[in-house]
Amino acid sequence: MTAIDTLYRQRLMSPADAADLIPSGARIAMALGVGQPPALLKALADRAEAGQVDDLRLYYLLSTSIAGDTVLRYELMDRIHPCSLFHSAIERRLDARAREDGRPSVVQFIPTGFQQTPRVLCQEIGVDTLIATVSPMDADGNFSFGTNTDYAQPVSKTAKRVILEVNPHMPRVFGDCTVHVSQVTALVENAVALLEVAKAAPQPADTVIGGLIAGLVENGATLQMGIGALPDAVCAALKDHTDLGIHTEMLTPGLVELMKAGVVTNARKTLHPGKSVFAFCMGDRSTYEYLDQNPALEAHPVSYVNDVHVIGRNERMVSVNATLEIDLDGACCSEHLNGHQFTGSGGQLDFVRGAYLSKGGLSIIACHATARGGAVSRIVPRLSGPVTTPRNDVHMVVTEYGVANLKGLSTSERARAIICLAAPQFRDELTSRANEMGGPR
């Protein structure tokens with residue numbers, strides 16, 4: 001047995017014993033999405049339910065059913081305090097349940113751009129524990145964070161307790177994405193299938209918007225895509241392009257399909273040529289299998305991937321992100337809905353700014369013109385929630401009714417251009433409101 005193997009064996013224990021190492025009052029960073037470790041989270045939830053631990057503060061982005069069925073159960077909220085930096089349906093349900101019970105929100109929301117997350121967790125909050133899923137150890141003693149390098153890898157360098165769940169189904173990826181066994185406090189082995197994310201069915205508007213955006217993308221461009229049916233529709237519309245590259249916070253099945261089809265080659269990238277660069281991945285089994293040991297892919301911390309100056313070093317960078325609401329000045333709210341926090345800012349502003357720094361780059365904000373089956377306009381006189389992307393930063397806006405470049409336009413010109421992107425039944429009202437707010441437009 002090698003010295004590396006001895007270190008591994010010394011740290012290997014049951015999920016219950018690993019969870020016992022987390023004391024009351026701990027500040028825990030839980031991995032994002034697919035990286036959430038089911039066995040460890042169940043053991044921690046069991047401890048909380050038994051009254052063996054209290055006052056845990058859990059910091060994370062984008063919880064999944066893995067956390068929702070364990071540490072984020074409503075009945076545990078007096079002992080485990082969720083601190084979300086990006087909501088999912090789980091946080092929305094928890095807060096809705098709290099409102100029904102007449103109590104304050106049980107989930108604390110921390111507004112933070114994705115690029116800043118490692119620094120916020122490590123320096124501002126000072127998390128002391130990391131819990132995450134990793135791939136099996138290699139011969140040098142390194143575990144790969146696989147689908148979730150993002151903030152997990154930076155936190156592993158500063159946390160007092162690094163508790164990892166080793167899963168043979170977690171892909172081993174290349175890049176700056178590993179932690180050495182000597183840095184690990186405890187290891188748990190758990191061979192379970194990774195969480196898969198169902199592909200959202202595109203609506204007719206998605207297909208139209210996807211085609212409009214694809215028409216803006218040059219051959220040889222480098223792509224960043226967000227999540228959901230709309231970015232997937234953009235990827236589907238790019239099938240006839242050539243030599244595309246990838247530099248994205250989230251690697252999606254749509255982007256992987258472009259790699260498999262030979263549309264993405266990364267041959268013309270000016271940064272990391274030949275490599276698709278990402279911070280985290282969510283998809284299906286075939287997506288994860290494609291990642292495993294693939295030399296065409298590199299994972300890096302989000303503090304690097306989402307750095308605006310790093311993004312800007314990719315020439316012809318094209319950023320595509322969705323929004324929930326856009327006002328007549330061009331400001332976007334992409335995280336707040338019906339008076340409540342819906343998601344988070346994520347890396348939208350990082351890539352909006354980074355893409356515009358890029359030589360020949362385009363930052364594209366896309367949205368359906370309406371919601372609720374056409375009853376509500378997503379284009380509004382003024383935002384109803386916080387500004388995710390300021391009007392100063394918005395470049396291209398796309399709805400199913402067309403494309404508008406807002407750069408260099410006055411507020412009056414912007415209003416006219418944006419109203420043309422609204423559904424026809426709302427344009428007269430929007431024009432009237434524009435006139436009230438700023439005179440003739």
# chains A, B, ... in the order shown; residues from 1 in each chain; ligands from 1

call {"tool": "select_by_dssp", "arguments": {"residues": "region 223-349 of chain A", "states": "strand (DSSP E)", "output": "number ranges by chain"}}
result
A: 223-225, 245-251, 276-281, 297-299, 317-322, 325-327, 332-333, 336-337, 340-341

call {"tool": "write_last_selection", "arguments": {"atoms": "N, CA and C atoms", "output": "short mmCIF file (atom, residue, chain, number, x, y, z; two decimals), in the first residue's frame"}}
result
data_model
loop_
_atom_site.label_atom_id
_atom_site.label_comp_id
_atom_site.auth_asym_id
_atom_site.auth_seq_id
_atom_site.Cartn_x
_atom_site.Cartn_y
_atom_site.Cartn_z
N LEU A 223 -18.62 30.83 -27.07
CA LEU A 223 -19.97 30.92 -26.52
C LEU A 223 -20.02 30.79 -25.01
N GLN A 224 -20.94 31.53 -24.41
CA GLN A 224 -21.42 31.29 -23.05
C GLN A 224 -22.93 31.21 -23.13
N MET A 225 -23.49 30.17 -22.53
CA MET A 225 -24.93 29.98 -22.53
C MET A 225 -25.44 29.81 -21.10
N GLY A 245 -16.25 28.03 -30.15
CA GLY A 245 -15.54 27.72 -28.92
C GLY A 245 -16.48 27.85 -27.73
N ILE A 246 -16.04 27.39 -26.58
CA ILE A 246 -16.84 27.47 -25.35
C ILE A 246 -16.01 28.03 -24.22
N HIS A 247 -16.54 29.07 -23.57
CA HIS A 247 -16.03 29.59 -22.30
C HIS A 247 -17.27 30.00 -21.53
N THR A 248 -17.70 29.15 -20.61
CA THR A 248 -19.02 29.32 -20.00
C THR A 248 -18.98 28.94 -18.54
N GLU A 249 -19.78 29.61 -17.72
CA GLU A 249 -19.85 29.17 -16.32
C GLU A 249 -20.53 27.81 -16.22
N MET A 250 -21.60 27.62 -17.00
CA MET A 250 -22.34 26.37 -16.97
C MET A 250 -22.22 25.65 -18.30
N LEU A 251 -21.76 24.42 -18.23
CA LEU A 251 -21.72 23.58 -19.42
C LEU A 251 -23.04 22.81 -19.49
N SER A 276 -12.66 23.53 -24.25
CA SER A 276 -13.91 24.09 -23.76
C SER A 276 -13.75 24.31 -22.26
N VAL A 277 -13.94 25.54 -21.81
CA VAL A 277 -13.71 25.92 -20.41
C VAL A 277 -15.05 26.14 -19.72
N PHE A 278 -15.20 25.58 -18.52
CA PHE A 278 -16.45 25.74 -17.77
C PHE A 278 -16.16 25.71 -16.27
N ALA A 279 -17.16 26.14 -15.48
CA ALA A 279 -17.04 26.13 -14.02
C ALA A 279 -17.89 25.04 -13.39
N PHE A 280 -19.07 24.77 -13.98
CA PHE A 280 -19.90 23.67 -13.48
C PHE A 280 -20.75 23.13 -14.63
N CYS A 281 -21.34 21.97 -14.39
CA CYS A 281 -22.11 21.30 -15.43
C CYS A 281 -23.36 20.67 -14.80
N LEU A 297 -11.86 19.28 -22.63
CA LEU A 297 -12.59 20.07 -21.63
C LEU A 297 -11.69 20.42 -20.46
N GLU A 298 -11.87 21.61 -19.92
CA GLU A 298 -11.17 22.02 -18.70
C GLU A 298 -12.14 22.72 -17.77
N ALA A 299 -12.11 22.33 -16.49
CA ALA A 299 -12.90 23.00 -15.46
C ALA A 299 -11.98 23.89 -14.63
N MET A 317 -16.34 36.85 -28.34
CA MET A 317 -17.08 36.22 -27.24
C MET A 317 -18.56 36.57 -27.37
N VAL A 318 -19.43 35.57 -27.32
CA VAL A 318 -20.87 35.78 -27.39
C VAL A 318 -21.50 35.21 -26.13
N SER A 319 -22.11 36.09 -25.35
CA SER A 319 -22.78 35.72 -24.12
C SER A 319 -24.28 35.74 -24.34
N VAL A 320 -24.97 34.67 -23.97
CA VAL A 320 -26.43 34.58 -24.13
C VAL A 320 -27.05 34.25 -22.78
N ASN A 321 -27.85 35.18 -22.26
CA ASN A 321 -28.51 34.98 -20.98
C ASN A 321 -29.97 35.43 -21.06
N ALA A 322 -30.81 34.80 -20.25
CA ALA A 322 -32.23 35.12 -20.24
C ALA A 322 -32.55 36.08 -19.10
N GLU A 325 -37.54 40.25 -16.92
CA GLU A 325 -38.21 41.54 -17.12
C GLU A 325 -37.18 42.55 -17.61
N ILE A 326 -37.58 43.38 -18.56
CA ILE A 326 -36.70 44.44 -19.04
C ILE A 326 -37.51 45.72 -19.15
N ASP A 327 -36.92 46.83 -18.71
CA ASP A 327 -37.68 48.08 -18.75
C ASP A 327 -37.30 48.92 -19.96
N CYS A 332 -32.41 45.20 -16.71
CA CYS A 332 -32.99 43.85 -16.65
C CYS A 332 -33.08 43.36 -15.21
N CYS A 333 -34.20 42.74 -14.89
CA CYS A 333 -34.34 41.98 -13.65
C CYS A 333 -34.47 40.52 -14.03
N HIS A 336 -36.01 38.13 -9.79
CA HIS A 336 -37.08 38.47 -8.85
C HIS A 336 -38.40 38.36 -9.59
N LEU A 337 -39.43 37.79 -8.94
CA LEU A 337 -40.70 37.58 -9.62
C LEU A 337 -41.84 37.65 -8.61
N HIS A 340 -41.00 38.42 -4.96
CA HIS A 340 -40.16 37.50 -4.18
C HIS A 340 -38.90 37.13 -4.96
N GLN A 341 -37.85 36.76 -4.21
CA GLN A 341 -36.64 36.27 -4.85
C GLN A 341 -36.96 34.98 -5.57
#

call {"tool": "residues_around", "arguments": {"residues": "Lys239 (chain A)", "least_positions_apart": "5", "cutoff": "12 Å", "atoms": "only C-alpha atoms", "output": "PyMOL selection string"}}
result
chain A and resi 210-211+214-215+217+219+232-234+244+254-264

call {"tool": "residues_around", "arguments": {"residues": "Cys83 (chain A)", "least_positions_apart": "4", "cutoff": "7 Å", "atoms": "only C-alpha atoms", "output": "list in words"}}
result
Arg57, Leu58, Tyr59, Tyr60, Val107, Gln108, Phe109 and Ile110 of chain A

call {"tool": "residues_around", "arguments": {"residues": "region 414-428 of chain A", "least_positions_apart": "2", "cutoff": "12 Å", "atoms": "only C-alpha atoms", "output": "mmCIF file with N, CA and C atoms, in the first residue's frame"}}
result
data_model
loop_
_atom_site.group_PDB
_atom_site.id
_atom_site.type_symbol
_atom_site.label_atom_id
_atom_site.label_comp_id
_atom_site.auth_asym_id
_atom_site.auth_seq_id
_atom_site.Cartn_x
_atom_site.Cartn_y
_atom_site.Cartn_z
ATOM 1 N N ALA A 205 -41.786 30.386 -29.116
ATOM 2 C CA ALA A 205 -40.983 31.608 -29.006
ATOM 3 C C ALA A 205 -39.506 31.297 -28.848
ATOM 4 N N ILE A 209 -36.550 32.855 -31.154
ATOM 5 C CA ILE A 209 -35.448 33.603 -30.540
ATOM 6 C C ILE A 209 -34.119 32.920 -30.817
ATOM 7 N N GLU A 325 -37.545 40.248 -16.924
ATOM 8 C CA GLU A 325 -38.213 41.538 -17.122
ATOM 9 C C GLU A 325 -37.183 42.549 -17.609
ATOM 10 N N ILE A 326 -37.580 43.377 -18.559
ATOM 11 C CA ILE A 326 -36.704 44.437 -19.044
ATOM 12 C C ILE A 326 -37.508 45.715 -19.152
ATOM 13 N N ASP A 327 -36.923 46.835 -18.711
ATOM 14 C CA ASP A 327 -37.682 48.081 -18.750
ATOM 15 C C ASP A 327 -37.299 48.918 -19.964
ATOM 16 N N LEU A 328 -37.943 50.064 -20.089
ATOM 17 C CA LEU A 328 -37.800 50.859 -21.305
ATOM 18 C C LEU A 328 -36.461 51.569 -21.408
ATOM 19 N N ASP A 329 -35.680 51.561 -20.347
ATOM 20 C CA ASP A 329 -34.305 52.059 -20.422
ATOM 21 C C ASP A 329 -33.322 50.949 -20.772
ATOM 22 N N GLY A 330 -33.772 49.693 -20.679
ATOM 23 C CA GLY A 330 -32.907 48.558 -20.980
ATOM 24 C C GLY A 330 -32.401 47.811 -19.767
ATOM 25 N N ALA A 331 -32.759 48.255 -18.566
ATOM 26 C CA ALA A 331 -32.341 47.542 -17.359
ATOM 27 C C ALA A 331 -33.090 46.215 -17.253
ATOM 28 N N CYS A 332 -32.410 45.199 -16.713
ATOM 29 C CA CYS A 332 -32.990 43.854 -16.647
ATOM 30 C C CYS A 332 -33.079 43.356 -15.214
ATOM 31 N N ALA A 366 -31.868 37.745 -23.712
ATOM 32 C CA ALA A 366 -33.033 37.236 -24.423
ATOM 33 C C ALA A 366 -34.186 37.014 -23.457
ATOM 34 N N CYS A 367 -35.388 37.238 -23.939
ATOM 35 C CA CYS A 367 -36.564 36.918 -23.135
ATOM 36 C C CYS A 367 -37.787 36.793 -24.028
ATOM 37 N N HIS A 368 -38.769 36.034 -23.553
ATOM 38 C CA HIS A 368 -40.067 36.028 -24.201
ATOM 39 C C HIS A 368 -40.697 37.398 -23.984
ATOM 40 N N ALA A 369 -41.441 37.864 -24.953
ATOM 41 C CA ALA A 369 -42.076 39.169 -24.822
ATOM 42 C C ALA A 369 -43.189 39.168 -23.779
ATOM 43 N N THR A 370 -43.782 38.006 -23.533
ATOM 44 C CA THR A 370 -44.901 37.933 -22.586
ATOM 45 C C THR A 370 -44.728 36.754 -21.640
ATOM 46 N N ALA A 371 -45.547 36.733 -20.605
ATOM 47 C CA ALA A 371 -45.643 35.618 -19.674
ATOM 48 C C ALA A 371 -47.120 35.323 -19.435
ATOM 49 N N GLY A 373 -49.096 33.037 -20.663
ATOM 50 C CA GLY A 373 -49.873 32.810 -21.866
ATOM 51 C C GLY A 373 -50.222 34.067 -22.637
ATOM 52 N N GLY A 374 -49.364 35.083 -22.525
ATOM 53 C CA GLY A 374 -49.594 36.324 -23.250
ATOM 54 C C GLY A 374 -50.340 37.376 -22.466
ATOM 55 N N ALA A 375 -50.694 37.076 -21.220
ATOM 56 C CA ALA A 375 -51.483 38.021 -20.418
ATOM 57 C C ALA A 375 -50.639 39.131 -19.816
ATOM 58 N N VAL A 376 -49.336 38.903 -19.686
ATOM 59 C CA VAL A 376 -48.457 39.858 -19.012
ATOM 60 C C VAL A 376 -47.265 40.165 -19.910
ATOM 61 N N SER A 377 -46.910 41.441 -20.011
ATOM 62 C CA SER A 377 -45.736 41.832 -20.785
ATOM 63 C C SER A 377 -44.487 41.731 -19.926
ATOM 64 N N ARG A 378 -43.448 41.118 -20.487
ATOM 65 C CA ARG A 378 -42.162 41.108 -19.790
ATOM 66 C C ARG A 378 -41.398 42.409 -20.019
ATOM 67 N N ILE A 379 -41.847 43.191 -20.972
ATOM 68 C CA ILE A 379 -41.283 44.521 -21.190
ATOM 69 C C ILE A 379 -42.170 45.513 -20.461
ATOM 70 N N VAL A 380 -41.572 46.243 -19.531
ATOM 71 C CA VAL A 380 -42.338 47.079 -18.605
ATOM 72 C C VAL A 380 -41.746 48.484 -18.560
ATOM 73 N N PRO A 381 -42.539 49.473 -18.125
ATOM 74 C CA PRO A 381 -41.985 50.824 -18.011
ATOM 75 C C PRO A 381 -40.826 50.900 -17.024
ATOM 76 N N ARG A 382 -40.994 50.288 -15.845
ATOM 77 C CA ARG A 382 -39.951 50.239 -14.829
ATOM 78 C C ARG A 382 -39.949 48.859 -14.188
ATOM 79 N N ARG A 391 -28.823 49.226 -17.058
ATOM 80 C CA ARG A 391 -29.040 49.714 -18.420
ATOM 81 C C ARG A 391 -27.730 50.102 -19.102
ATOM 82 N N ASN A 392 -26.754 50.549 -18.326
ATOM 83 C CA ASN A 392 -25.463 50.939 -18.913
ATOM 84 C C ASN A 392 -24.741 49.771 -19.570
ATOM 85 N N VAL A 394 -26.309 46.744 -20.808
ATOM 86 C CA VAL A 394 -27.047 45.922 -21.767
ATOM 87 C C VAL A 394 -26.642 46.288 -23.193
ATOM 88 N N HIS A 395 -26.378 45.278 -23.982
ATOM 89 C CA HIS A 395 -25.939 45.449 -25.367
ATOM 90 C C HIS A 395 -27.082 45.064 -26.311
ATOM 91 N N MET A 396 -27.184 43.793 -26.650
ATOM 92 C CA MET A 396 -28.231 43.319 -27.549
ATOM 93 C C MET A 396 -29.397 42.736 -26.749
ATOM 94 N N VAL A 397 -30.609 43.029 -27.179
ATOM 95 C CA VAL A 397 -31.813 42.457 -26.580
ATOM 96 C C VAL A 397 -32.588 41.743 -27.679
ATOM 97 N N VAL A 398 -33.054 40.520 -27.370
ATOM 98 C CA VAL A 398 -33.769 39.722 -28.360
ATOM 99 C C VAL A 398 -35.047 39.169 -27.739
ATOM 100 N N THR A 399 -36.174 39.378 -28.420
ATOM 101 C CA THR A 399 -37.410 38.658 -28.124
ATOM 102 C C THR A 399 -37.867 37.998 -29.422
ATOM 103 N N GLU A 400 -38.998 37.336 -29.367
ATOM 104 C CA GLU A 400 -39.504 36.709 -30.586
ATOM 105 C C GLU A 400 -39.939 37.730 -31.634
ATOM 106 N N TYR A 401 -39.950 39.013 -31.247
ATOM 107 C CA TYR A 401 -40.351 40.060 -32.189
ATOM 108 C C TYR A 401 -39.166 40.801 -32.812
ATOM 109 N N GLY A 402 -37.955 40.417 -32.454
ATOM 110 C CA GLY A 402 -36.825 41.035 -33.116
ATOM 111 C C GLY A 402 -35.618 41.236 -32.228
ATOM 112 N N VAL A 403 -34.673 42.032 -32.743
ATOM 113 C CA VAL A 403 -33.378 42.279 -32.107
ATOM 114 C C VAL A 403 -33.161 43.778 -31.996
ATOM 115 N N ALA A 404 -32.628 44.238 -30.860
ATOM 116 C CA ALA A 404 -32.289 45.649 -30.700
ATOM 117 C C ALA A 404 -30.904 45.771 -30.084
ATOM 118 N N ASN A 405 -30.078 46.624 -30.673
ATOM 119 C CA ASN A 405 -28.773 46.961 -30.117
ATOM 120 C C ASN A 405 -28.939 48.275 -29.361
ATOM 121 N N LEU A 406 -28.799 48.243 -28.033
ATOM 122 C CA LEU A 406 -29.055 49.427 -27.221
ATOM 123 C C LEU A 406 -27.830 50.316 -27.047
ATOM 124 N N LYS A 407 -26.662 49.812 -27.392
ATOM 125 C CA LYS A 407 -25.458 50.613 -27.197
ATOM 126 C C LYS A 407 -25.496 51.878 -28.067
ATOM 127 N N GLY A 408 -25.220 53.009 -27.437
ATOM 128 C CA GLY A 408 -25.171 54.277 -28.145
ATOM 129 C C GLY A 408 -26.517 54.953 -28.317
ATOM 130 N N LEU A 409 -27.595 54.330 -27.851
ATOM 131 C CA LEU A 409 -28.921 54.929 -27.991
ATOM 132 C C LEU A 409 -29.268 55.785 -26.780
ATOM 133 N N SER A 410 -29.944 56.889 -27.029
ATOM 134 C CA SER A 410 -30.463 57.715 -25.937
ATOM 135 C C SER A 410 -31.617 56.984 -25.258
ATOM 136 N N THR A 411 -32.065 57.494 -24.121
ATOM 137 C CA THR A 411 -33.180 56.849 -23.430
ATOM 138 C C THR A 411 -34.435 56.841 -24.298
ATOM 139 N N SER A 412 -34.661 57.913 -25.060
ATOM 140 C CA SER A 412 -35.824 57.949 -25.952
ATOM 141 C C SER A 412 -35.692 56.912 -27.057
ATOM 142 N N LEU A 430 -47.307 50.835 -23.553
ATOM 143 C CA LEU A 430 -45.909 51.124 -23.248
ATOM 144 C C LEU A 430 -45.491 52.476 -23.824
ATOM 145 N N THR A 431 -45.960 52.797 -25.015
ATOM 146 C CA THR A 431 -45.647 54.098 -25.610
ATOM 147 C C THR A 431 -46.234 55.223 -24.773
ATOM 148 N N SER A 432 -47.465 55.046 -24.309
ATOM 149 C CA SER A 432 -48.101 56.060 -23.464
ATOM 150 C C SER A 432 -47.314 56.264 -22.170
ATOM 151 N N ARG A 433 -46.898 55.177 -21.547
ATOM 152 C CA ARG A 433 -46.130 55.279 -20.307
ATOM 153 C C ARG A 433 -44.772 55.913 -20.564
ATOM 154 N N ALA A 434 -44.166 55.604 -21.699
ATOM 155 C CA ALA A 434 -42.881 56.206 -22.039
ATOM 156 C C ALA A 434 -43.029 57.714 -22.162
ATOM 157 N N ASN A 435 -44.105 58.156 -22.779
ATOM 158 C CA ASN A 435 -44.338 59.593 -22.914
ATOM 159 C C ASN A 435 -44.539 60.266 -21.559
ATOM 160 N N MET A 437 -43.288 59.332 -18.705
ATOM 161 C CA MET A 437 -42.069 59.307 -17.906
ATOM 162 C C MET A 437 -41.009 60.288 -18.404
ATOM 163 N N GLY A 438 -40.989 60.530 -19.721
ATOM 164 C CA GLY A 438 -39.882 61.355 -20.198
ATOM 165 C C GLY A 438 -40.197 62.259 -21.359
ATOM 166 N N GLY A 439 -41.462 62.581 -21.554
ATOM 167 C CA GLY A 439 -41.824 63.428 -22.672
ATOM 168 C C GLY A 439 -41.897 62.635 -23.946
ATOM 169 N N PRO A 440 -42.068 63.294 -25.070
ATOM 170 C CA PRO A 440 -42.233 62.606 -26.361
ATOM 171 C C PRO A 440 -41.051 61.696 -26.637
ATOM 172 N N ARG A 441 -41.384 60.492 -27.027
ATOM 173 C CA ARG A 441 -40.341 59.507 -27.309
ATOM 174 C C ARG A 441 -40.350 59.182 -28.792
#

call {"tool": "select_by_dssp", "arguments": {"residues": "region 51-206 of chain A", "states": "helix (DSSP H, G or I)", "output": "number ranges by chain"}}
result
A: 65-68, 74-76, 89-100, 114-125, 152-156, 181-183, 204-206

call {"tool": "residues_around", "arguments": {"residues": "Ala201 (chain A)", "least_positions_apart": "3", "cutoff": "12 Å", "atoms": "only C-alpha atoms", "output": "PyMOL selection string"}}
result
chain A and resi 198+204-207+228-233

call {"tool": "closest_residue", "arguments": {"among": "A:Ile80, A:Ile163, A:Ala152, A:Leu72", "to": "Ala19 (chain A)", "atoms": "only C-alpha atoms"}}
result
A:Ile163

call {"tool": "decode", "arguments": {"residues": "region 252-266 of chain A", "atoms": "C-alpha atoms", "output": "PDB file, in the first residue's frame"}}
result
ATOM      1  CA  THR A 252     -25.113  22.451 -20.723  1.00  0.00           C
ATOM      2  CA  PRO A 253     -26.238  19.420 -22.751  1.00  0.00           C
ATOM      3  CA  GLY A 254     -26.891  21.782 -25.657  1.00  0.00           C
ATOM      4  CA  LEU A 255     -23.253  22.874 -25.691  1.00  0.00           C
ATOM      5  CA  VAL A 256     -22.063  19.275 -25.332  1.00  0.00           C
ATOM      6  CA  GLU A 257     -24.170  18.300 -28.333  1.00  0.00           C
ATOM      7  CA  LEU A 258     -22.408  21.008 -30.363  1.00  0.00           C
ATOM      8  CA  MET A 259     -19.080  19.498 -29.290  1.00  0.00           C
ATOM      9  CA  LYS A 260     -20.167  15.997 -30.285  1.00  0.00           C
ATOM     10  CA  ALA A 261     -21.382  17.277 -33.661  1.00  0.00           C
ATOM     11  CA  GLY A 262     -18.032  18.925 -34.410  1.00  0.00           C
ATOM     12  CA  VAL A 263     -19.580  22.416 -34.436  1.00  0.00           C
ATOM     13  CA  VAL A 264     -17.458  23.308 -31.405  1.00  0.00           C
ATOM     14  CA  THR A 265     -13.760  22.757 -32.077  1.00  0.00           C
ATOM     15  CA  ASN A 266     -12.225  25.611 -30.039  1.00  0.00           C
TER      16      ASN A 266
END
